$ cat data.txt   # compact mmCIF, C-alpha atoms and all ligand atoms
# COMPACT_ATOMS: atom_id res chain seq x y z
CA MET A 1 147.19 134.97 166.52
CA GLU A 2 147.17 135.07 170.33
CA LYS A 3 143.53 136.10 170.17
CA ALA A 4 142.71 132.97 168.12
CA GLY A 5 144.06 130.75 170.94
CA GLU A 6 141.86 132.56 173.48
CA ILE A 7 138.73 132.17 171.33
CA LEU A 8 139.44 128.49 170.72
CA ASP A 9 140.07 127.82 174.40
CA ALA A 10 136.71 129.43 175.23
CA SER A 11 134.82 127.40 172.61
CA ARG A 12 136.37 124.10 173.79
CA VAL A 13 136.92 122.76 170.27
CA PRO A 14 140.01 120.53 170.32
CA TYR A 15 142.87 122.20 168.44
CA GLU A 16 146.57 121.95 167.72
CA LYS A 17 149.08 124.68 166.95
CA SER A 18 151.43 124.83 163.95
CA PHE A 19 150.04 121.63 162.43
CA PRO A 20 151.73 120.39 159.20
CA LEU A 21 149.01 120.28 156.52
CA ALA A 22 151.09 117.81 154.46
CA ARG A 23 149.81 115.19 156.91
CA LEU A 24 146.20 116.01 156.05
CA THR A 25 146.44 116.06 152.25
CA THR A 26 146.58 112.92 150.10
CA LEU A 27 149.31 114.57 148.01
CA GLY A 28 151.46 114.98 151.13
CA VAL A 29 152.47 118.57 150.38
CA GLY A 30 151.86 121.66 152.53
CA GLY A 31 153.34 123.68 155.40
CA PRO A 32 151.79 124.35 158.80
CA ALA A 33 148.43 125.83 159.73
CA ASP A 34 148.74 128.23 162.67
CA PHE A 35 145.81 126.41 164.28
CA LEU A 36 144.10 123.17 163.32
CA LEU A 37 140.62 122.44 164.68
CA ARG A 38 138.92 119.06 164.57
CA PRO A 39 135.40 119.60 165.85
CA ALA A 40 133.34 116.51 166.68
CA ALA A 41 130.11 118.54 166.91
CA VAL A 42 128.68 121.65 165.28
CA PRO A 43 127.68 123.93 168.25
CA PRO A 44 131.22 124.46 169.65
CA LEU A 45 132.50 125.03 166.10
CA ALA A 46 129.75 127.61 165.53
CA GLN A 47 130.81 129.44 168.68
CA ALA A 48 134.48 129.37 167.64
CA LEU A 49 133.71 130.65 164.11
CA GLU A 50 131.67 133.56 165.40
CA GLY A 51 134.57 134.64 167.61
CA LEU A 52 137.26 134.11 164.98
CA ILE A 53 135.43 135.99 162.26
CA GLY A 54 134.66 138.81 164.71
CA GLU A 55 138.42 139.24 165.14
CA GLY A 56 139.09 139.04 161.39
CA ILE A 57 141.08 135.79 161.72
CA PRO A 58 141.24 133.82 158.41
CA VAL A 59 139.45 130.44 158.51
CA ALA A 60 139.61 127.64 155.91
CA PHE A 61 137.77 124.31 155.72
CA LEU A 62 139.37 120.94 155.07
CA GLY A 63 137.74 117.59 154.37
CA ALA A 64 139.88 114.60 153.48
CA GLY A 65 142.42 116.84 151.71
CA SER A 66 142.13 114.74 148.56
CA ASN A 67 141.70 117.58 146.07
CA LEU A 68 143.92 120.11 147.73
CA VAL A 69 147.43 121.45 147.02
CA VAL A 70 148.76 123.52 149.93
CA SER A 71 151.80 125.82 149.71
CA ASP A 72 154.93 125.10 151.71
CA ALA A 73 154.18 128.25 153.73
CA GLY A 74 150.97 126.62 154.97
CA PHE A 75 147.99 128.64 156.18
CA ARG A 76 148.10 131.75 158.37
CA GLY A 77 144.96 131.41 160.43
CA VAL A 78 142.66 128.57 161.51
CA VAL A 79 142.00 125.43 159.47
CA VAL A 80 138.86 123.53 160.40
CA CYS A 81 139.23 119.85 159.53
CA PHE A 82 135.99 117.86 159.45
CA SER A 83 137.59 114.43 159.89
CA ASP A 84 136.08 114.00 163.38
CA LEU A 85 132.56 115.08 162.37
CA VAL A 86 131.64 111.49 161.64
CA GLY A 87 129.13 108.86 162.71
CA GLU A 88 126.78 106.31 161.26
CA PRO A 89 124.62 107.61 158.42
CA HIS A 90 120.95 107.87 159.35
CA VAL A 91 118.75 105.89 156.97
CA GLU A 92 115.03 106.59 156.60
CA GLU A 93 113.42 104.63 153.78
CA HIS A 94 115.52 105.66 150.78
CA ARG A 95 116.92 108.87 152.24
CA VAL A 96 120.32 108.86 153.90
CA ARG A 97 121.66 111.62 156.15
CA ALA A 98 125.45 111.63 156.47
CA PRO A 99 127.88 113.85 158.43
CA ALA A 100 130.48 115.98 156.62
CA GLY A 101 133.52 114.04 157.78
CA LEU A 102 132.38 110.60 156.64
CA ARG A 103 134.51 109.33 153.73
CA LEU A 104 132.70 108.38 150.54
CA PRO A 105 134.15 104.82 150.45
CA SER A 106 132.81 104.20 154.00
CA LEU A 107 129.43 105.62 153.02
CA VAL A 108 129.24 103.37 149.95
CA THR A 109 130.10 100.30 152.05
CA ARG A 110 127.19 101.06 154.36
CA LEU A 111 124.79 101.80 151.49
CA THR A 112 125.68 98.46 149.91
CA ARG A 113 124.68 96.76 153.17
CA PHE A 114 121.39 98.69 153.18
CA ALA A 115 120.81 97.75 149.49
CA LEU A 116 120.66 101.41 148.49
CA SER A 117 121.97 102.49 145.11
CA GLY A 118 123.11 105.80 143.60
CA LEU A 119 126.64 106.38 144.88
CA GLU A 120 128.41 103.32 143.45
CA TRP A 121 130.59 105.62 141.31
CA ALA A 122 131.98 107.21 144.52
CA GLU A 123 133.55 104.15 146.09
CA GLY A 124 137.03 104.99 144.78
CA VAL A 125 136.82 108.72 145.55
CA PRO A 126 138.82 109.29 148.76
CA GLY A 127 136.95 112.50 149.70
CA SER A 128 134.67 113.37 152.62
CA VAL A 129 130.94 113.98 152.25
CA GLY A 130 131.38 117.74 152.88
CA GLY A 131 134.30 118.24 150.51
CA SER A 132 132.63 116.13 147.84
CA VAL A 133 129.41 118.16 147.96
CA ARG A 134 131.50 121.34 147.66
CA MET A 135 133.43 119.84 144.69
CA ASN A 136 130.42 118.06 143.16
CA ALA A 137 132.73 115.06 142.88
CA GLY A 138 131.88 112.61 140.15
CA ALA A 139 133.00 109.64 138.08
CA PHE A 140 131.66 107.20 135.51
CA GLY A 141 129.23 109.79 134.15
CA ASP A 142 127.60 110.44 137.52
CA SER A 143 128.21 112.93 140.35
CA MET A 144 126.99 114.15 143.73
CA GLN A 145 124.33 116.32 142.15
CA SER A 146 122.20 113.34 141.12
CA SER A 147 121.60 112.21 144.71
CA VAL A 148 122.22 115.13 147.13
CA ARG A 149 118.82 116.64 148.00
CA GLU A 150 119.49 118.58 151.20
CA VAL A 151 122.52 120.11 152.85
CA THR A 152 123.13 121.62 156.27
CA LEU A 153 125.41 124.63 156.01
CA LEU A 154 127.27 126.53 158.72
CA ASP A 155 128.19 130.08 157.89
CA ARG A 156 131.16 132.00 159.21
CA LEU A 157 129.06 133.80 161.81
CA GLY A 158 128.14 130.42 163.30
CA ARG A 159 124.61 130.26 161.82
CA VAL A 160 123.19 126.93 160.63
CA GLU A 161 120.86 126.62 157.63
CA ARG A 162 119.18 123.59 156.08
CA LEU A 163 118.81 123.95 152.34
CA LYS A 164 116.89 121.78 149.85
CA VAL A 165 118.89 121.38 146.64
CA GLU A 166 118.29 120.06 143.12
CA ALA A 167 120.70 118.68 140.54
CA THR A 168 120.53 122.01 138.70
CA ASP A 169 121.94 123.87 141.74
CA PHE A 170 125.32 122.26 141.07
CA ILE A 171 127.87 122.95 138.33
CA TYR A 172 130.65 120.76 136.94
CA ARG A 173 132.93 120.16 139.96
CA GLY A 174 131.26 122.85 141.99
CA ALA A 175 128.33 123.74 144.25
CA PRO A 176 127.85 127.52 144.16
CA PHE A 177 125.14 127.41 146.88
CA VAL A 178 127.83 126.44 149.45
CA GLY A 179 129.63 129.76 148.98
CA GLU A 180 131.91 130.57 151.92
CA ARG A 181 130.00 128.20 154.21
CA ALA A 182 130.88 124.77 155.58
CA VAL A 183 128.82 121.74 154.66
CA VAL A 184 128.21 119.91 157.94
CA GLU A 185 125.72 117.29 156.72
CA ALA A 186 124.12 116.08 153.49
CA VAL A 187 120.98 114.10 152.67
CA PHE A 188 121.06 111.71 149.73
CA GLN A 189 118.07 110.31 147.84
CA MET A 190 118.87 106.70 146.97
CA THR A 191 117.07 103.94 145.09
CA PRO A 192 116.67 100.32 146.21
CA ARG A 193 118.89 97.73 144.52
CA ALA A 194 120.06 94.25 145.53
CA SER A 195 123.33 94.38 147.48
CA LYS A 196 124.79 91.70 145.19
CA GLU A 197 124.14 93.84 142.10
CA ILE A 198 125.66 96.90 143.79
CA GLU A 199 128.73 94.82 144.67
CA GLU A 200 129.08 93.72 141.02
CA THR A 201 129.08 97.34 139.86
CA LEU A 202 131.66 98.22 142.51
CA VAL A 203 133.94 95.43 141.31
CA ALA A 204 133.74 96.72 137.72
CA TYR A 205 134.46 100.31 138.80
CA ARG A 206 137.36 99.16 141.03
CA ASP A 207 138.89 97.23 138.10
CA HIS A 208 138.57 100.25 135.84
CA ARG A 209 140.32 102.52 138.37
CA LYS A 210 143.12 99.99 138.86
CA ARG A 211 143.74 99.97 135.12
CA THR A 212 143.50 103.72 134.54
CA GLN A 213 144.80 105.46 137.70
CA PRO A 214 148.14 105.32 139.55
CA GLN A 215 147.99 102.97 142.54
CA GLY A 216 149.81 103.15 145.87
CA VAL A 217 151.17 106.67 145.33
CA ARG A 218 150.27 110.05 146.79
CA SER A 219 148.30 112.41 144.55
CA SER A 220 145.46 114.90 144.74
CA GLY A 221 143.37 113.30 141.99
CA CYS A 222 142.84 115.21 138.77
CA ILE A 223 144.70 118.52 138.60
CA TRP A 224 142.69 119.94 135.68
CA LYS A 225 138.99 119.90 134.84
CA ASN A 226 137.99 118.24 131.60
CA PRO A 227 137.44 120.99 129.00
CA PRO A 228 133.95 120.89 127.41
CA GLY A 229 133.73 117.90 125.05
CA SER A 230 137.32 116.86 125.74
CA ASN A 231 139.45 115.04 128.27
CA ALA A 232 142.35 116.70 130.11
CA GLY A 233 144.20 113.41 130.70
CA ARG A 234 144.14 112.58 126.99
CA LEU A 235 145.36 116.06 125.98
CA ILE A 236 148.25 115.77 128.48
CA GLN A 237 149.14 112.35 127.07
CA GLU A 238 148.98 113.62 123.48
CA ALA A 239 151.19 116.57 124.47
CA GLY A 240 153.81 113.96 125.44
CA LEU A 241 153.97 115.08 129.06
CA LYS A 242 153.44 111.79 130.91
CA GLY A 243 156.47 110.99 133.06
CA SER A 244 157.71 114.63 133.15
CA THR A 245 159.38 115.26 136.50
CA ARG A 246 160.15 118.34 138.63
CA GLY A 247 162.08 117.62 141.82
CA ALA A 248 160.13 114.88 143.56
CA ALA A 249 156.86 115.34 141.64
CA ARG A 250 155.95 113.51 138.43
CA ILE A 251 153.13 113.55 135.90
CA SER A 252 151.84 109.99 136.27
CA GLU A 253 152.75 107.54 133.51
CA VAL A 254 149.36 105.89 134.09
CA HIS A 255 147.06 108.94 134.01
CA GLY A 256 148.33 112.25 132.65
CA ASN A 257 145.99 114.34 134.80
CA PHE A 258 147.49 112.99 138.06
CA ILE A 259 150.65 114.54 139.54
CA VAL A 260 152.22 112.14 142.00
CA ASN A 261 154.52 112.83 144.93
CA LEU A 262 157.53 110.51 144.67
CA GLY A 263 158.49 111.43 148.26
CA GLY A 264 159.24 114.87 149.65
CA ALA A 265 157.82 116.87 146.72
CA SER A 266 157.50 120.62 147.31
CA PHE A 267 154.63 122.89 146.36
CA ALA A 268 156.92 124.43 143.70
CA ASP A 269 157.59 120.96 142.20
CA VAL A 270 153.85 120.26 141.84
CA MET A 271 152.89 123.70 140.58
CA GLY A 272 155.85 123.70 138.17
CA LEU A 273 154.40 120.59 136.52
CA ALA A 274 150.88 122.04 136.56
CA ASP A 275 152.19 125.16 134.76
CA LEU A 276 154.07 123.01 132.26
CA ILE A 277 150.82 121.18 131.44
CA ARG A 278 148.80 124.38 131.11
CA GLU A 279 151.34 126.01 128.77
CA LYS A 280 151.94 122.94 126.56
CA VAL A 281 148.24 122.08 126.18
CA LEU A 282 147.49 125.71 125.24
CA LYS A 283 150.37 125.73 122.74
CA ASP A 284 149.62 122.33 121.16
CA PHE A 285 145.81 122.38 121.15
CA GLY A 286 144.73 125.98 121.82
CA VAL A 287 142.85 124.71 124.90
CA THR A 288 142.92 126.73 128.15
CA LEU A 289 142.73 124.33 131.08
CA GLU A 290 141.01 125.24 134.32
CA LYS A 291 142.16 123.85 137.67
CA GLU A 292 140.07 121.17 139.35
CA VAL A 293 142.26 120.97 142.47
CA VAL A 294 141.91 123.71 145.05
CA VAL A 295 145.19 125.52 145.71
CA TRP A 296 145.96 127.19 149.04
CA ALA A 297 148.84 129.57 148.32
C1 LIG B 301 143.32 108.77 144.08
C2 LIG B 301 142.26 109.85 143.92
C3 LIG B 301 141.18 109.61 143.10
C4 LIG B 301 140.21 110.61 142.92
N1 LIG B 301 139.15 110.36 142.08
C5 LIG B 301 138.22 111.32 141.91
C6 LIG B 301 137.10 111.09 141.05
O1 LIG B 301 136.94 110.03 140.45
N2 LIG B 301 136.18 112.08 140.90
C7 LIG B 301 136.31 113.27 141.57
O2 LIG B 301 135.43 114.14 141.42
N3 LIG B 301 137.35 113.51 142.38
C8 LIG B 301 138.31 112.58 142.57
N4 LIG B 301 139.37 112.82 143.41
C9 LIG B 301 139.48 114.14 144.06
C10 LIG B 301 138.81 114.23 145.44
O3 LIG B 301 138.76 112.96 146.09
C11 LIG B 301 137.40 114.82 145.36
O4 LIG B 301 137.42 116.11 144.78
C12 LIG B 301 136.76 114.93 146.76
O5 LIG B 301 135.40 115.20 146.58
C13 LIG B 301 137.36 116.03 147.62
O6 LIG B 301 136.82 115.89 148.91
P1 LIG B 301 137.73 116.21 150.18
O7 LIG B 301 136.92 115.97 151.39
O8 LIG B 301 139.01 115.50 150.11
O9 LIG B 301 137.95 117.77 149.97
P2 LIG B 301 139.27 118.61 150.29
O10 LIG B 301 140.33 118.22 149.33
O11 LIG B 301 139.58 118.52 151.74
O12 LIG B 301 138.77 120.08 149.95
C14 LIG B 301 138.40 120.43 148.65
C15 LIG B 301 137.65 121.77 148.71
O13 LIG B 301 136.45 121.59 149.45
C16 LIG B 301 136.45 122.47 150.59
N5 LIG B 301 135.83 121.70 151.69
C17 LIG B 301 136.26 120.55 152.25
N6 LIG B 301 135.40 120.13 153.18
C18 LIG B 301 134.40 121.06 153.21
C19 LIG B 301 133.20 121.20 153.96
N7 LIG B 301 132.84 120.31 154.89
N8 LIG B 301 132.42 122.29 153.72
C20 LIG B 301 132.75 123.20 152.77
N9 LIG B 301 133.87 123.12 152.03
C21 LIG B 301 134.68 122.06 152.25
C22 LIG B 301 137.90 122.83 150.86
O14 LIG B 301 138.00 124.07 151.50
C23 LIG B 301 138.43 122.87 149.43
O15 LIG B 301 138.06 124.11 148.84
C24 LIG B 301 140.35 111.85 143.59
C25 LIG B 301 141.43 112.07 144.45
C26 LIG B 301 142.39 111.09 144.61
C27 LIG B 301 143.56 111.35 145.53
$ encode --input "data.txt" --output "structure tokens" --more "lines below"
Ligand SMILES: Cc1cc2nc3c(=O)[nH]c(=O)nc-3n(C[C@H](O)[C@H](O)[C@H](O)COP(=O)(O)OP(=O)(O)OC[C@H]3O[C@@H](n4cnc5c(N)ncnc54)[C@H](O)[C@@H]3O)c2cc1C
Amino acid sequence: MEKAGEILDASRVPYEKSFPLARLTTLGVGGPADFLLRPAAVPPLAQALEGLIGEGIPVAFLGAGSNLVVSDAGFRGVVVCFSDLVGEPHVEEHRVRAPAGLRLPSLVTRLTRFALSGLEWAEGVPGSVGGSVRMNAGAFGDSMQSSVREVTLLDRLGRVERLKVEATDFIYRGAPFVGERAVVEAVFQMTPRASKEIEETLVAYRDHRKRTQPQGVRSSGCIWKNPPGSNAGRLIQEAGLKGSTRGAARISEVHGNFIVNLGGASFADVMGLADLIREKVLKDFGVTLEKEVVVWA
């Protein structure tokens, strides 16, 4: 890993050594990354990536860490966190260009001010623009795919590509066109709507989340994808698993598909509960669940 330090010094991207990833995930679980980078611009990151990949050093990308479960061993290599790749979204008529690190709630606040509609569903999703494109985040019957129309991607050799995308390029909770690349920017196609009406929708969505999701606790959102035509949270509830506890992790009493960290939960605590869910739902309903969260182990 000495070589990684030399490459990073040469590229002048700010970095820290042995950084605890628990601090960068909403679940609050995860050991150290050997190196953590927080680039504020793309060119120095591109230079760093080219060097790192040339040396065969593993690199992983991190947004807001809100759909991520990281092992207690952490990550051997370089984690690139996009939290500092932020700035005001650029609005041109009804198209909005936003940097990867901007959080969806901040983006929605700005769009409300600009009277632009299409991302109201995303206000309560604590992800970044980049991570949410990659995950095709969605709620209330809508998702990123209905408004993302262009992405800027950075590959692991440091090359930048602008790509036009359609709704059909996405899949449920995924964006295969991203591949191993980083999303550094996205362009959204919005529609005009009165700010007051947008605000009314946001209030309704906020109320719904307050009623149906755990509040004021650490989690990584939904652990499992909804199986076709079904709902993972409901299956977990019907399997009688709400409230099950392993160490300091618990299956939320409010929403069965959320595992919450009661304080100091380990990776094994969280994954133990995830395994319990998978096995019981398969046994009780014959349904094989697929993970929605991304696991770094
Ligand atoms: C309380 C709560 C509520 C939630 N509600 C919802 C919801 O309603 N709907 C929903 O879909 N999700 C929900 N989530 C999950 C999560 O917020 C979304 O999946 C979000 O889109 C993840 O974005 P992120 O930036 O946090 O990604 P991360 O968790 O940081 O990363 C997720 C994946 O994306 C990759 N990635 C991150 N940034 C980039 C980038 N710039 N380029 C390429 N790859 C990248 C990572 O390597 C990883 O594979 C919720 C989570 C919480 C904690």
$ residues_around --input "data.txt" --residues "A:Thr26" --least-positions-apart "4" --cutoff "12 Å" --atoms "only C-alpha atoms" --output "list in words"
Leu21, Ala22, Gly30, Leu62, Gly63, Ala64, Gly65, Ser66, Asn67, Leu68, Val69, Val70, Val125, Pro126, Gly127, Gly216, Val217, Arg218, Ser219, Ser220, Gly221, Ile259, Val260, Asn261 and Val293 of chain A
$ residues_near_ligand --input "data.txt" --ligand "ligand LIG 301 (chain B)" --cutoff "8 Å" --atoms "all atoms listed in the file" --output "number ranges by chain"
A: 25-27, 60-68, 81-82, 100-101, 103, 121-122, 124-140, 143, 153, 173, 178, 180-185, 213-215, 218-222, 292-295
$ closest_residue --input "data.txt" --among "A:Gly264, A:Gly286, A:Gly31, A:Pro14" --to "A:Arg76" --atoms "all atoms listed in the file"
A:Gly31
$ atom_distance --input "data.txt" --atom1 "atom CA of A:Ile223" --atom2 "atom CA of A:Asn257"
5.8 Å
$ atom_distance --input "data.txt" --atom1 "atom CA of A:Phe170" --atom2 "atom CA of A:Asn231"
20.4 Å
$ residues_around --input "data.txt" --residues "stretch 275-284 of chain A" --least-positions-apart "4" --cutoff "12 Å" --atoms "all atoms listed in the file" --output "VMD selection string"
chain A and resid 223 to 225 227 231 to 246 250 to 251 256 to 259 268 to 271 288 to 291
$ atom_distance --input "data.txt" --atom1 "atom CA of A:Ile198" --atom2 "atom CA of A:Thr212"
21.2 Å
$ closest_residue --input "data.txt" --among "A:Ser18, A:Ser230, A:Arg97, A:Pro105" --to "A:Glu150" --atoms "all atoms listed in the file"
A:Arg97
$ closest_residue --input "data.txt" --among "A:Ala4, A:Val96, A:Val148, A:Val160" --to "A:Val42" --atoms "all atoms listed in the file"
A:Val160
$ build_atoms --input "data.txt" --residues "stretch 162-192 of chain A" --atoms "N, CA and C atoms" --output "compact mmCIF listing (two decimals), keeping the file's coordinate frame"
# COMPACT_ATOMS: atom_id res chain seq x y z
N ARG A 162 119.46 124.79 156.88
CA ARG A 162 119.18 123.59 156.08
C ARG A 162 118.62 124.03 154.74
N LEU A 163 119.18 123.49 153.67
CA LEU A 163 118.81 123.95 152.34
C LEU A 163 118.43 122.76 151.46
N LYS A 164 117.24 122.82 150.82
CA LYS A 164 116.89 121.78 149.85
C LYS A 164 117.61 122.11 148.54
N VAL A 165 118.18 121.11 147.90
CA VAL A 165 118.89 121.38 146.64
C VAL A 165 118.45 120.40 145.55
N GLU A 166 118.62 120.85 144.31
CA GLU A 166 118.29 120.06 143.12
C GLU A 166 119.59 119.84 142.34
N ALA A 167 119.52 118.93 141.38
CA ALA A 167 120.70 118.68 140.54
C ALA A 167 121.16 119.97 139.85
N THR A 168 120.18 120.81 139.47
CA THR A 168 120.53 122.01 138.70
C THR A 168 121.20 123.10 139.56
N ASP A 169 121.24 122.90 140.88
CA ASP A 169 121.94 123.87 141.74
C ASP A 169 123.45 123.68 141.70
N PHE A 170 123.88 122.55 141.14
CA PHE A 170 125.32 122.26 141.07
C PHE A 170 125.87 122.65 139.70
N ILE A 171 127.19 122.80 139.62
CA ILE A 171 127.87 122.95 138.33
C ILE A 171 128.94 121.87 138.25
N TYR A 172 129.57 121.74 137.10
CA TYR A 172 130.65 120.76 136.94
C TYR A 172 131.73 121.04 137.99
N ARG A 173 131.96 120.08 138.86
CA ARG A 173 132.93 120.16 139.96
C ARG A 173 132.75 121.40 140.83
N GLY A 174 131.51 121.73 141.09
CA GLY A 174 131.26 122.85 141.99
C GLY A 174 129.84 122.86 142.52
N ALA A 175 129.65 123.58 143.64
CA ALA A 175 128.33 123.74 144.25
C ALA A 175 128.22 125.19 144.72
N PRO A 176 127.83 126.09 143.82
CA PRO A 176 127.85 127.52 144.16
C PRO A 176 127.03 127.88 145.40
N PHE A 177 125.99 127.08 145.73
CA PHE A 177 125.14 127.41 146.88
C PHE A 177 125.91 127.30 148.21
N VAL A 178 127.04 126.57 148.22
CA VAL A 178 127.83 126.44 149.45
C VAL A 178 128.49 127.78 149.79
N GLY A 179 128.98 128.46 148.78
CA GLY A 179 129.63 129.76 148.98
C GLY A 179 130.79 129.65 149.96
N GLU A 180 130.83 130.55 150.93
CA GLU A 180 131.91 130.57 151.92
C GLU A 180 131.58 129.70 153.13
N ARG A 181 130.46 128.95 153.04
CA ARG A 181 130.00 128.20 154.21
C ARG A 181 130.62 126.81 154.28
N ALA A 182 130.44 126.16 155.44
CA ALA A 182 130.88 124.77 155.58
C ALA A 182 129.66 123.87 155.40
N VAL A 183 129.86 122.77 154.72
CA VAL A 183 128.82 121.74 154.66
C VAL A 183 129.03 120.85 155.88
N VAL A 184 128.02 120.75 156.74
CA VAL A 184 128.21 119.91 157.94
C VAL A 184 127.44 118.59 157.85
N GLU A 185 126.53 118.51 156.87
CA GLU A 185 125.72 117.29 156.72
C GLU A 185 125.08 117.32 155.34
N ALA A 186 124.83 116.13 154.77
CA ALA A 186 124.12 116.08 153.49
C ALA A 186 123.11 114.94 153.51
N VAL A 187 122.01 115.14 152.79
CA VAL A 187 120.98 114.10 152.67
C VAL A 187 120.94 113.63 151.22
N PHE A 188 121.03 112.31 151.06
CA PHE A 188 121.06 111.71 149.73
C PHE A 188 119.76 110.97 149.48
N GLN A 189 119.25 111.10 148.25
CA GLN A 189 118.07 110.31 147.84
C GLN A 189 118.58 109.11 147.06
N MET A 190 118.34 107.91 147.60
CA MET A 190 118.87 106.70 146.97
C MET A 190 117.73 105.89 146.36
N THR A 191 118.10 104.85 145.60
CA THR A 191 117.07 103.94 145.09
C THR A 191 117.42 102.51 145.54
N PRO A 192 116.38 101.68 145.75
CA PRO A 192 116.67 100.32 146.21
C PRO A 192 117.30 99.47 145.10
